[in-house]
$ cat query30.cif   # mmCIF, C-alpha atoms, pLDDT in the B column; chains and numbers go by the auth columns
data_coords
loop_
_atom_site.group_PDB
_atom_site.id
_atom_site.type_symbol
_atom_site.label_atom_id
_atom_site.label_comp_id
_atom_site.label_asym_id
_atom_site.label_seq_id
_atom_site.Cartn_x
_atom_site.Cartn_y
_atom_site.Cartn_z
_atom_site.B_iso_or_equiv
_atom_site.auth_seq_id
_atom_site.auth_asym_id
ATOM 1 C CA MET A 1 74.458 73.422 131.861 58.00 1 L
ATOM 2 C CA ASP A 2 75.857 70.278 130.323 81.00 2 L
ATOM 3 C CA LEU A 3 77.759 70.683 127.071 79.00 3 L
ATOM 4 C CA GLN A 4 75.657 67.984 125.397 80.00 4 L
ATOM 5 C CA VAL A 5 72.487 70.008 126.094 85.00 5 L
ATOM 6 C CA ILE A 6 74.039 73.180 124.665 86.00 6 L
ATOM 7 C CA VAL A 7 75.066 71.337 121.488 84.00 7 L
ATOM 8 C CA TRP A 8 71.583 69.846 121.213 86.00 8 L
ATOM 9 C CA VAL A 9 69.932 73.280 121.573 87.00 9 L
ATOM 10 C CA LEU A 10 72.284 74.763 118.966 87.00 10 L
ATOM 11 C CA TYR A 11 71.702 71.975 116.464 88.00 11 L
ATOM 12 C CA CYS A 12 68.001 71.292 117.003 89.00 12 L
ATOM 13 C CA PHE A 13 66.682 74.817 117.597 92.00 13 L
ATOM 14 C CA LEU A 14 69.136 77.521 116.612 92.00 14 L
ATOM 15 C CA MET A 15 70.448 75.943 113.377 92.00 15 L
ATOM 16 C CA PRO A 16 66.951 75.448 111.856 93.00 16 L
ATOM 17 C CA THR A 17 65.911 78.933 112.983 93.00 17 L
ATOM 18 C CA VAL A 18 68.933 80.568 111.365 93.00 18 L
ATOM 19 C CA LEU A 19 68.552 78.526 108.160 93.00 19 L
ATOM 20 C CA LEU A 20 64.851 79.440 107.936 93.00 20 L
ATOM 21 C CA THR A 21 65.676 83.090 108.554 90.00 21 L
ATOM 22 C CA ALA A 22 68.279 82.969 105.787 88.00 22 L
ATOM 23 C CA CYS A 23 65.620 81.578 103.443 89.00 23 L
ATOM 24 C CA LEU A 24 62.930 84.101 104.331 89.00 24 L
ATOM 25 C CA PHE A 25 64.957 87.316 104.250 82.00 25 L
ATOM 26 C CA ARG A 26 66.202 86.736 100.719 81.00 26 L
ATOM 27 C CA TYR A 27 64.934 84.776 97.768 82.00 27 L
ATOM 28 C CA ASN A 28 67.746 83.742 95.433 86.00 28 L
ATOM 29 C CA ILE A 29 70.002 80.788 94.696 88.00 29 L
ATOM 30 C CA LEU A 30 71.953 81.205 97.931 87.00 30 L
ATOM 31 C CA SER A 31 68.773 81.018 99.990 89.00 31 L
ATOM 32 C CA LEU A 32 67.768 77.939 97.982 92.00 32 L
ATOM 33 C CA VAL A 33 70.928 76.223 99.228 93.00 33 L
ATOM 34 C CA HIS A 34 70.019 77.164 102.809 92.00 34 L
ATOM 35 C CA PHE A 35 66.507 75.809 102.213 94.00 35 L
ATOM 36 C CA LEU A 36 67.958 72.486 101.026 95.00 36 L
ATOM 37 C CA TYR A 37 70.064 72.323 104.193 94.00 37 L
ATOM 38 C CA LEU A 38 66.940 73.036 106.219 93.00 38 L
ATOM 39 C CA LEU A 39 65.170 70.132 104.514 94.00 39 L
ATOM 40 C CA LEU A 40 68.153 67.813 105.080 93.00 40 L
ATOM 41 C CA LEU A 41 68.558 68.711 108.762 91.00 41 L
ATOM 42 C CA PRO A 42 65.997 66.198 110.165 90.00 42 L
ATOM 43 C CA TRP A 43 67.745 63.335 108.349 93.00 43 L
ATOM 44 C CA PHE A 44 70.833 63.683 110.532 90.00 44 L
ATOM 45 C CA LEU A 45 70.942 62.656 114.178 87.00 45 L
ATOM 46 C CA SER A 46 71.618 65.118 116.937 83.00 46 L
ATOM 47 C CA PRO A 47 75.363 65.539 117.470 82.00 47 L
ATOM 48 C CA ASN A 48 76.979 63.466 120.185 78.00 48 L
ATOM 49 C CA LYS A 49 80.359 61.796 120.596 76.00 49 L
ATOM 50 C CA HIS A 50 79.455 59.081 118.077 80.00 50 L
ATOM 51 C CA THR A 51 77.502 60.948 115.384 83.00 51 L
ATOM 52 C CA ILE A 52 79.849 63.935 115.204 81.00 52 L
ATOM 53 C CA ARG A 53 82.494 61.726 113.612 84.00 53 L
ATOM 54 C CA GLY A 54 80.034 60.478 111.023 87.00 54 L
ATOM 55 C CA HIS A 55 77.482 62.019 108.726 91.00 55 L
ATOM 56 C CA THR A 56 76.188 64.584 111.216 89.00 56 L
ATOM 57 C CA GLY A 57 79.648 66.064 111.691 89.00 57 L
ATOM 58 C CA GLN A 58 80.201 66.173 107.945 93.00 58 L
ATOM 59 C CA PHE A 59 76.841 67.883 107.457 93.00 59 L
ATOM 60 C CA ILE A 60 77.653 70.591 110.022 92.00 60 L
ATOM 61 C CA ARG A 61 81.064 71.152 108.400 94.00 61 L
ATOM 62 C CA VAL A 62 79.462 71.414 104.941 95.00 62 L
ATOM 63 C CA VAL A 63 76.935 73.967 106.219 95.00 63 L
ATOM 64 C CA PHE A 64 79.789 75.982 107.743 95.00 64 L
ATOM 65 C CA CYS A 65 81.977 75.805 104.620 95.00 65 L
ATOM 66 C CA THR A 66 79.217 76.829 102.217 95.00 66 L
ATOM 67 C CA SER A 67 78.054 79.687 104.423 93.00 67 L
ATOM 68 C CA LEU A 68 81.673 80.854 104.760 95.00 68 L
ATOM 69 C CA LEU A 69 81.965 80.656 100.970 94.00 69 L
ATOM 70 C CA PHE A 70 78.798 82.755 100.609 92.00 70 L
ATOM 71 C CA VAL A 71 80.107 85.373 103.057 91.00 71 L
ATOM 72 C CA LEU A 72 83.445 85.547 101.224 93.00 72 L
ATOM 73 C CA ALA A 73 81.628 85.828 97.886 90.00 73 L
ATOM 74 C CA HIS A 74 79.613 88.778 99.235 89.00 74 L
ATOM 75 C CA ILE A 75 82.743 90.475 100.548 88.00 75 L
ATOM 76 C CA CYS A 76 84.673 89.963 97.302 90.00 76 L
ATOM 77 C CA PHE A 77 81.756 91.083 95.124 87.00 77 L
ATOM 78 C CA GLN A 78 81.142 94.240 97.136 85.00 78 L
ATOM 79 C CA THR A 79 84.862 95.048 97.297 86.00 79 L
ATOM 80 C CA VAL A 80 85.341 94.671 93.549 84.00 80 L
ATOM 81 C CA LEU A 81 82.105 96.500 92.817 82.00 81 L
ATOM 82 C CA TYR A 82 83.044 99.564 94.856 81.00 82 L
ATOM 83 C CA THR A 83 86.758 99.660 93.947 85.00 83 L
ATOM 84 C CA TYR A 84 86.603 98.891 90.213 80.00 84 L
ATOM 85 C CA PRO A 85 84.340 101.487 88.532 77.00 85 L
ATOM 86 C CA PRO A 86 84.103 99.756 85.103 78.00 86 L
ATOM 87 C CA LEU A 87 82.417 96.754 86.744 74.00 87 L
ATOM 88 C CA ASN A 88 80.001 99.050 88.516 71.00 88 L
ATOM 89 C CA ILE A 89 79.121 100.601 85.146 73.00 89 L
ATOM 90 C CA ALA A 90 78.909 97.183 83.434 72.00 90 L
ATOM 91 C CA ILE A 91 76.442 95.822 85.982 72.00 91 L
ATOM 92 C CA GLY A 92 74.375 98.966 85.607 68.00 92 L
ATOM 93 C CA ASP A 93 71.283 100.112 87.408 66.00 93 L
ATOM 94 C CA ASN A 94 68.453 98.109 88.929 65.00 94 L
ATOM 95 C CA CYS A 95 66.858 97.049 85.655 66.00 95 L
ATOM 96 C CA SER A 96 69.911 95.959 83.690 74.00 96 L
ATOM 97 C CA GLN A 97 70.334 92.335 82.670 78.00 97 L
ATOM 98 C CA TRP A 98 73.571 91.829 84.664 76.00 98 L
ATOM 99 C CA ASP A 99 72.090 93.346 87.793 76.00 99 L
ATOM 100 C CA THR A 100 69.090 91.022 87.537 78.00 100 L
ATOM 101 C CA ILE A 101 71.349 87.987 87.071 81.00 101 L
ATOM 102 C CA THR A 102 73.557 88.856 90.033 78.00 102 L
ATOM 103 C CA ARG A 103 70.501 89.485 92.224 79.00 103 L
ATOM 104 C CA HIS A 104 69.058 86.070 91.310 80.00 104 L
ATOM 105 C CA ILE A 105 72.363 84.432 92.157 84.00 105 L
ATOM 106 C CA GLY A 106 72.434 86.236 95.482 82.00 106 L
ATOM 107 C CA LEU A 107 75.175 88.783 94.952 82.00 107 L
ATOM 108 C CA SER A 108 73.305 92.031 94.858 79.00 108 L
ATOM 109 C CA ARG A 109 74.643 95.534 95.156 78.00 109 L
ATOM 110 C CA VAL A 110 74.458 96.660 98.769 78.00 110 L
ATOM 111 C CA PRO A 111 73.314 100.266 99.146 77.00 111 L
ATOM 112 C CA LEU A 112 75.610 101.753 101.749 77.00 112 L
ATOM 113 C CA ASP A 113 73.115 104.490 102.635 83.00 113 L
ATOM 114 C CA ASP A 114 70.441 101.947 103.700 84.00 114 L
ATOM 115 C CA PRO A 115 71.686 99.936 106.741 84.00 115 L
ATOM 116 C CA TRP A 116 68.545 97.783 106.949 86.00 116 L
ATOM 117 C CA SER A 117 69.103 96.526 103.438 81.00 117 L
ATOM 118 C CA VAL A 118 72.711 95.717 104.292 81.00 118 L
ATOM 119 C CA LEU A 119 71.554 93.720 107.314 83.00 119 L
ATOM 120 C CA ARG A 120 68.883 91.917 105.290 82.00 120 L
ATOM 121 C CA LEU A 121 71.359 90.897 102.601 81.00 121 L
ATOM 122 C CA LEU A 122 74.486 90.049 104.589 83.00 122 L
ATOM 123 C CA CYS A 123 73.429 88.921 108.073 86.00 123 L
ATOM 124 C CA PRO A 124 71.666 85.653 107.163 88.00 124 L
ATOM 125 C CA ASP A 125 74.838 84.136 105.710 89.00 125 L
ATOM 126 C CA MET A 126 76.927 85.433 108.586 91.00 126 L
ATOM 127 C CA GLY A 127 74.408 84.041 111.089 92.00 127 L
ATOM 128 C CA VAL A 128 74.491 80.570 109.528 93.00 128 L
ATOM 129 C CA CYS A 129 78.287 80.698 109.453 94.00 129 L
ATOM 130 C CA VAL A 130 78.564 81.715 113.122 94.00 130 L
ATOM 131 C CA VAL A 131 76.038 79.145 114.389 93.00 131 L
ATOM 132 C CA ALA A 132 77.673 76.335 112.406 93.00 132 L
ATOM 133 C CA LEU A 133 81.129 77.364 113.646 94.00 133 L
ATOM 134 C CA ILE A 134 79.997 77.456 117.287 93.00 134 L
ATOM 135 C CA THR A 135 78.356 74.046 116.851 90.00 135 L
ATOM 136 C CA ILE A 136 81.566 72.592 115.382 90.00 136 L
ATOM 137 C CA VAL A 137 83.712 74.024 118.189 90.00 137 L
ATOM 138 C CA LEU A 138 81.388 72.792 120.933 89.00 138 L
ATOM 139 C CA CYS A 139 81.109 69.348 119.332 86.00 139 L
ATOM 140 C CA ARG A 140 84.901 69.044 119.241 85.00 140 L
ATOM 141 C CA ARG A 141 85.068 70.086 122.874 86.00 141 L
ATOM 142 C CA LEU A 142 82.361 67.540 123.706 81.00 142 L
ATOM 143 C CA VAL A 143 84.265 64.729 121.987 79.00 143 L
ATOM 144 C CA ARG A 144 87.538 65.786 123.631 79.00 144 L
ATOM 145 C CA ASN A 145 85.922 65.928 127.097 75.00 145 L
ATOM 146 C CA ARG A 146 84.355 62.498 126.659 66.00 146 L
ATOM 147 C CA GLU A 147 87.674 61.025 125.511 65.00 147 L
ATOM 148 C CA MET A 148 89.451 62.571 128.508 67.00 148 L
ATOM 149 C CA VAL A 149 86.837 61.170 130.897 63.00 149 L
ATOM 150 C CA ALA A 150 87.106 57.751 129.260 61.00 150 L
ATOM 151 C CA ALA A 151 90.909 57.832 129.487 61.00 151 L
ATOM 152 C CA ALA A 152 90.726 58.886 133.140 63.00 152 L
ATOM 153 C CA ASN A 153 88.291 56.044 133.899 62.00 153 L
ATOM 154 C CA ILE A 154 90.556 53.508 132.211 61.00 154 L
ATOM 155 C CA THR A 155 93.564 54.820 134.126 59.00 155 L
ATOM 156 C CA SER A 156 91.745 54.747 137.460 57.00 156 L
ATOM 157 C CA VAL A 157 90.379 51.252 136.818 53.00 157 L
ATOM 158 C CA SER A 158 93.820 49.955 135.856 53.00 158 L
ATOM 159 C CA HIS A 159 95.322 51.668 138.925 54.00 159 L
ATOM 160 C CA VAL A 160 92.746 49.967 141.179 50.00 160 L
ATOM 161 C CA TYR A 161 93.421 46.660 139.427 53.00 161 L
ATOM 162 C CA VAL A 162 97.190 47.042 140.031 50.00 162 L
ATOM 163 C CA GLN A 163 96.541 47.863 143.693 55.00 163 L
ATOM 164 C CA TYR A 164 94.278 44.799 144.005 54.00 164 L
ATOM 165 C CA ALA A 165 96.859 42.576 142.250 56.00 165 L
ATOM 166 C CA ARG A 166 99.555 43.577 144.773 57.00 166 L
ATOM 167 C CA LEU A 167 97.452 42.326 147.659 58.00 167 L
#

$ encode --input "query30.cif" --output "structure tokens"
Amino acid sequence: MDLQVIVWVLYCFLMPTVLLTACLFRYNILSLVHFLYLLLLPWFLSPNKHTIRGHTGQFIRVVFCTSLLFVLAHICFQTVLYTYPPLNIAIGDNCSQWDTITRHIGLSRVPLDDPWSVLRLLCPDMGVCVVALITIVLCRRLVRNREMVAAANITSVSHVYVQYARL
């Protein structure tokens, strides 16, 4: 399959699906950011060798960076929560004010005994991060391949021109 088609499928089908999934599985400020990205997605053209260097490429990089930031925030929050007992006590149980605030932000306590809850809370951000990263890598490869083909065409045309000039 052509690389341009794979990039188009990733950007036009998989990216909106993952962003919508991230919005539906959780309802907090982090999912609001994913919802805003979902609303902005149709405003940007499908990535190709020209648009990837412009606004579309910047949009994909922003989606990747924010989802990576969300994943790192989850990892740091859970690490500090489980390794520093006074913070665990300060946040309190399900009905405390700090627990409610952190849940609305999107950093909720992950119950380690319930794997489905862990998947529901952590996988949407990781999915957006992975899809955006794959899209960035494939777009760079697409641009590099097109530049190599263009350079090869210029070289072959100039070689033919030199051969013709010698006659």

$ residues_around --input "query30.cif" --residues "Trp98 (chain L)" --least-positions-apart "4" --cutoff "12 Å" --atoms "all atoms listed in the file" --output "ChimeraX atom specification"
/L:87-94,102-105,107-109

$ closest_residue --input "query30.cif" --among "L:Ile52, L:Leu24, L:Leu36, L:Ile29" --to "Val137 (chain L)" --atoms "all atoms listed in the file"
L:Ile52

$ closest_residue --input "query30.cif" --among "L:Cys12, L:Ile60, L:Leu72, L:Val33" --to "Arg140 (chain L)" --atoms "only C-alpha atoms"
L:Ile60

$ closest_residue --input "query30.cif" --among "L:His74, L:Arg141, L:His34, L:His50" --to "Leu121 (chain L)" --atoms "all atoms listed in the file"
L:His74

$ closest_residue --input "query30.cif" --among "L:Tyr27, L:Tyr11, L:Tyr84, L:Phe64" --to "Ala132 (chain L)" --atoms "all atoms listed in the file"
L:Phe64

$ residues_around --input "query30.cif" --residues "Arg26 (chain L)" --least-positions-apart "6" --cutoff "9 Å" --atoms "all atoms listed in the file" --output "ChimeraX atom specification"
/L:106,120-121,124

$ resolve_selection --input "query30.cif" --expression "the PyMOL selection byres ((chain L and resi 136) around 12)" --output "PDB file with C-alpha atoms, keeping the file's coordinate frame"
ATOM      1  CA  ILE L   6      74.039  73.180 124.665  1.00 86.00           C
ATOM      2  CA  VAL L   7      75.066  71.337 121.488  1.00 84.00           C
ATOM      3  CA  TRP L   8      71.583  69.846 121.213  1.00 86.00           C
ATOM      4  CA  LEU L  10      72.284  74.763 118.966  1.00 87.00           C
ATOM      5  CA  TYR L  11      71.702  71.975 116.464  1.00 88.00           C
ATOM      6  CA  MET L  15      70.448  75.943 113.377  1.00 92.00           C
ATOM      7  CA  PRO L  47      75.363  65.539 117.470  1.00 82.00           C
ATOM      8  CA  ASN L  48      76.979  63.466 120.185  1.00 78.00           C
ATOM      9  CA  ILE L  52      79.849  63.935 115.204  1.00 81.00           C
ATOM     10  CA  ARG L  53      82.494  61.726 113.612  1.00 84.00           C
ATOM     11  CA  THR L  56      76.188  64.584 111.216  1.00 89.00           C
ATOM     12  CA  GLY L  57      79.648  66.064 111.691  1.00 89.00           C
ATOM     13  CA  GLN L  58      80.201  66.173 107.945  1.00 93.00           C
ATOM     14  CA  PHE L  59      76.841  67.883 107.457  1.00 93.00           C
ATOM     15  CA  ILE L  60      77.653  70.591 110.022  1.00 92.00           C
ATOM     16  CA  ARG L  61      81.064  71.152 108.400  1.00 94.00           C
ATOM     17  CA  VAL L  62      79.462  71.414 104.941  1.00 95.00           C
ATOM     18  CA  VAL L  63      76.935  73.967 106.219  1.00 95.00           C
ATOM     19  CA  PHE L  64      79.789  75.982 107.743  1.00 95.00           C
ATOM     20  CA  CYS L  65      81.977  75.805 104.620  1.00 95.00           C
ATOM     21  CA  CYS L 129      78.287  80.698 109.453  1.00 94.00           C
ATOM     22  CA  VAL L 130      78.564  81.715 113.122  1.00 94.00           C
ATOM     23  CA  VAL L 131      76.038  79.145 114.389  1.00 93.00           C
ATOM     24  CA  ALA L 132      77.673  76.335 112.406  1.00 93.00           C
ATOM     25  CA  LEU L 133      81.129  77.364 113.646  1.00 94.00           C
ATOM     26  CA  ILE L 134      79.997  77.456 117.287  1.00 93.00           C
ATOM     27  CA  THR L 135      78.356  74.046 116.851  1.00 90.00           C
ATOM     28  CA  VAL L 137      83.712  74.024 118.189  1.00 90.00           C
ATOM     29  CA  LEU L 138      81.388  72.792 120.933  1.00 89.00           C
ATOM     30  CA  CYS L 139      81.109  69.348 119.332  1.00 86.00           C
ATOM     31  CA  ARG L 140      84.901  69.044 119.241  1.00 85.00           C
ATOM     32  CA  ARG L 141      85.068  70.086 122.874  1.00 86.00           C
ATOM     33  CA  LEU L 142      82.361  67.540 123.706  1.00 81.00           C
ATOM     34  CA  VAL L 143      84.265  64.729 121.987  1.00 79.00           C
TER      35      VAL L 143
END

$ closest_residue --input "query30.cif" --among "L:Phe13, L:Asn28, L:Phe77, L:Cys23" --to "Pro42 (chain L)" --atoms "all atoms listed in the file"
L:Phe13

$ atom_distance --input "query30.cif" --atom1 "CA of Leu81 (chain L)" --atom2 "CA of Pro111 (chain L)"
11.5 Å

$ atom_distance --input "query30.cif" --atom1 "CA of Asn145 (chain L)" --atom2 "CA of His55 (chain L)"
20.6 Å

$ closest_residue --input "query30.cif" --among "L:Tyr37, L:Ser46, L:Ser31, L:Asp2" --to "Pro16 (chain L)" --atoms "only C-alpha atoms"
L:Tyr37

$ atom_distance --input "query30.cif" --atom1 "CA of Val18 (chain L)" --atom2 "CA of Phe70 (chain L)"
14.8 Å
